[in-house]
Amino acid sequence: MTLRILQISDTHLGADPDFEIAPGIYPFVRVQALLDAIEGWIARDSVPIDCIVHTGDLVHRGHLAKLDDASTRIGIKWFGTLSKPIYWVIGNHDHRETIRDCVGDPPGEWLTS
């Protein structure tokens, strides 16, 4: 059996839609465009995928003791709208407990990048 994985990484969301990660780069806008592109790809089924894996840094400042847990919750909600299962790898900018609060405990071990 072949497992086709779409891998995403380093979306670096902030809780504020106007947050710029660098001059002129707004993660909210980029992630919304990414999600639209992924759903279009899934709908066309030209290259089928079985699941999506986000390999860390969903948010930009989540690692600061839940300072930015709103961005984590927004990101989990947005990616949860996709019509394929999504799995999470915790990045150095993510807050493990906030992600766990949002998605629950997975079977097995947590992966960290």
# chains A, B, ... in the order shown; residues from 1 in each chain; ligands from 1
call {"tool": "select_by_dssp", "arguments": {"residues": "chain A", "states": "alpha helix (DSSP H)", "output": "count of residues only"}}
result
37
call {"tool": "residues_around", "arguments": {"residues": "Ile74 (chain A)", "least_positions_apart": "6", "cutoff": "10 Å", "atoms": "only C-alpha atoms", "output": "ChimeraX atom specification"}}
result
/A:13-15,28,58-59,80,102
call {"tool": "closest_residue", "arguments": {"among": "A:Gly75, A:Gly40, A:Pro17, A:Pro85", "to": "Arg4 (chain A)", "atoms": "only C-alpha atoms"}}
result
A:Pro85
call {"tool": "closest_residue", "arguments": {"among": "A:Asp69, A:Asp18, A:Asp94, A:Asp45", "to": "Arg30 (chain A)", "atoms": "only C-alpha atoms"}}
result
A:Asp18
call {"tool": "residues_around", "arguments": {"residues": "Arg100 (chain A)", "least_positions_apart": "2", "cutoff": "12 Å", "atoms": "only C-alpha atoms", "output": "NGL selection string"}}
result
:A and (69 or 72-73 or 76 or 87-90 or 94-98 or 102-107 or 110)
call {"tool": "atom_distance", "arguments": {"atom1": "CA of Lys77 (chain A)", "atom2": "CA of Pro23 (chain A)"}}
result
26.2 Å
call {"tool": "residues_around", "arguments": {"residues": "region 5-9 of chain A", "least_positions_apart": "6", "cutoff": "9 Å", "atoms": "only C-alpha atoms", "output": "list in words"}}
result
Ile49, Asp50, Cys51, Ile52, Val53, His54, Thr55, Gly56, Asp57, Leu58 and Gly91 of chain A
call {"tool": "write_last_selection", "arguments": {"atoms": "N, CA and C atoms", "output": "PDB file, in the first residue's frame"}}
result
ATOM      1  N   ILE A  49      -3.865  12.488  -2.247  1.00  0.00           N
ATOM      2  CA  ILE A  49      -3.134  12.447  -0.979  1.00  0.00           C
ATOM      3  C   ILE A  49      -4.011  11.749   0.053  1.00  0.00           C
ATOM      4  N   ASP A  50      -3.350  11.084   0.985  1.00  0.00           N
ATOM      5  CA  ASP A  50      -4.058  10.354   2.025  1.00  0.00           C
ATOM      6  C   ASP A  50      -4.147  11.139   3.327  1.00  0.00           C
ATOM      7  N   CYS A  51      -3.147  11.946   3.592  1.00  0.00           N
ATOM      8  CA  CYS A  51      -3.150  12.722   4.828  1.00  0.00           C
ATOM      9  C   CYS A  51      -2.197  13.908   4.679  1.00  0.00           C
ATOM     10  N   ILE A  52      -2.282  14.799   5.651  1.00  0.00           N
ATOM     11  CA  ILE A  52      -1.435  15.991   5.700  1.00  0.00           C
ATOM     12  C   ILE A  52      -0.666  15.942   7.006  1.00  0.00           C
ATOM     13  N   VAL A  53       0.623  16.264   6.947  1.00  0.00           N
ATOM     14  CA  VAL A  53       1.447  16.342   8.146  1.00  0.00           C
ATOM     15  C   VAL A  53       2.036  17.743   8.215  1.00  0.00           C
ATOM     16  N   HIS A  54       1.731  18.442   9.287  1.00  0.00           N
ATOM     17  CA  HIS A  54       2.346  19.762   9.527  1.00  0.00           C
ATOM     18  C   HIS A  54       3.547  19.507  10.430  1.00  0.00           C
ATOM     19  N   THR A  55       4.732  19.775   9.915  1.00  0.00           N
ATOM     20  CA  THR A  55       5.952  19.382  10.620  1.00  0.00           C
ATOM     21  C   THR A  55       6.574  20.504  11.438  1.00  0.00           C
ATOM     22  N   GLY A  56       5.751  21.288  12.064  1.00  0.00           N
ATOM     23  CA  GLY A  56       6.255  22.211  13.068  1.00  0.00           C
ATOM     24  C   GLY A  56       6.205  23.676  12.701  1.00  0.00           C
ATOM     25  N   ASP A  57       6.185  24.474  13.754  1.00  0.00           N
ATOM     26  CA  ASP A  57       6.074  25.924  13.680  1.00  0.00           C
ATOM     27  C   ASP A  57       4.772  26.363  13.001  1.00  0.00           C
ATOM     28  N   LEU A  58       3.695  25.783  13.510  1.00  0.00           N
ATOM     29  CA  LEU A  58       2.359  26.244  13.110  1.00  0.00           C
ATOM     30  C   LEU A  58       2.242  27.730  13.413  1.00  0.00           C
ATOM     31  N   GLY A  91       6.937  21.937  16.592  1.00  0.00           N
ATOM     32  CA  GLY A  91       8.160  22.663  16.257  1.00  0.00           C
ATOM     33  C   GLY A  91       8.647  23.491  17.432  1.00  0.00           C
TER      34      GLY A  91
END
call {"tool": "atom_distance", "arguments": {"atom1": "CA of Glu39 (chain A)", "atom2": "CA of Leu82 (chain A)"}}
result
6.6 Å
call {"tool": "atom_distance", "arguments": {"atom1": "CA of Ile86 (chain A)", "atom2": "CA of Arg61 (chain A)"}}
result
21.4 Å
call {"tool": "closest_residue", "arguments": {"among": "A:Asp10, A:Val31, A:Ala22, A:Met1", "to": "Phe79 (chain A)", "atoms": "only C-alpha atoms"}}
result
A:Val31
call {"tool": "closest_residue", "arguments": {"among": "A:Glu20, A:Trp78, A:His60, A:Pro48", "to": "Leu34 (chain A)", "atoms": "only C-alpha atoms"}}
result
A:Trp78
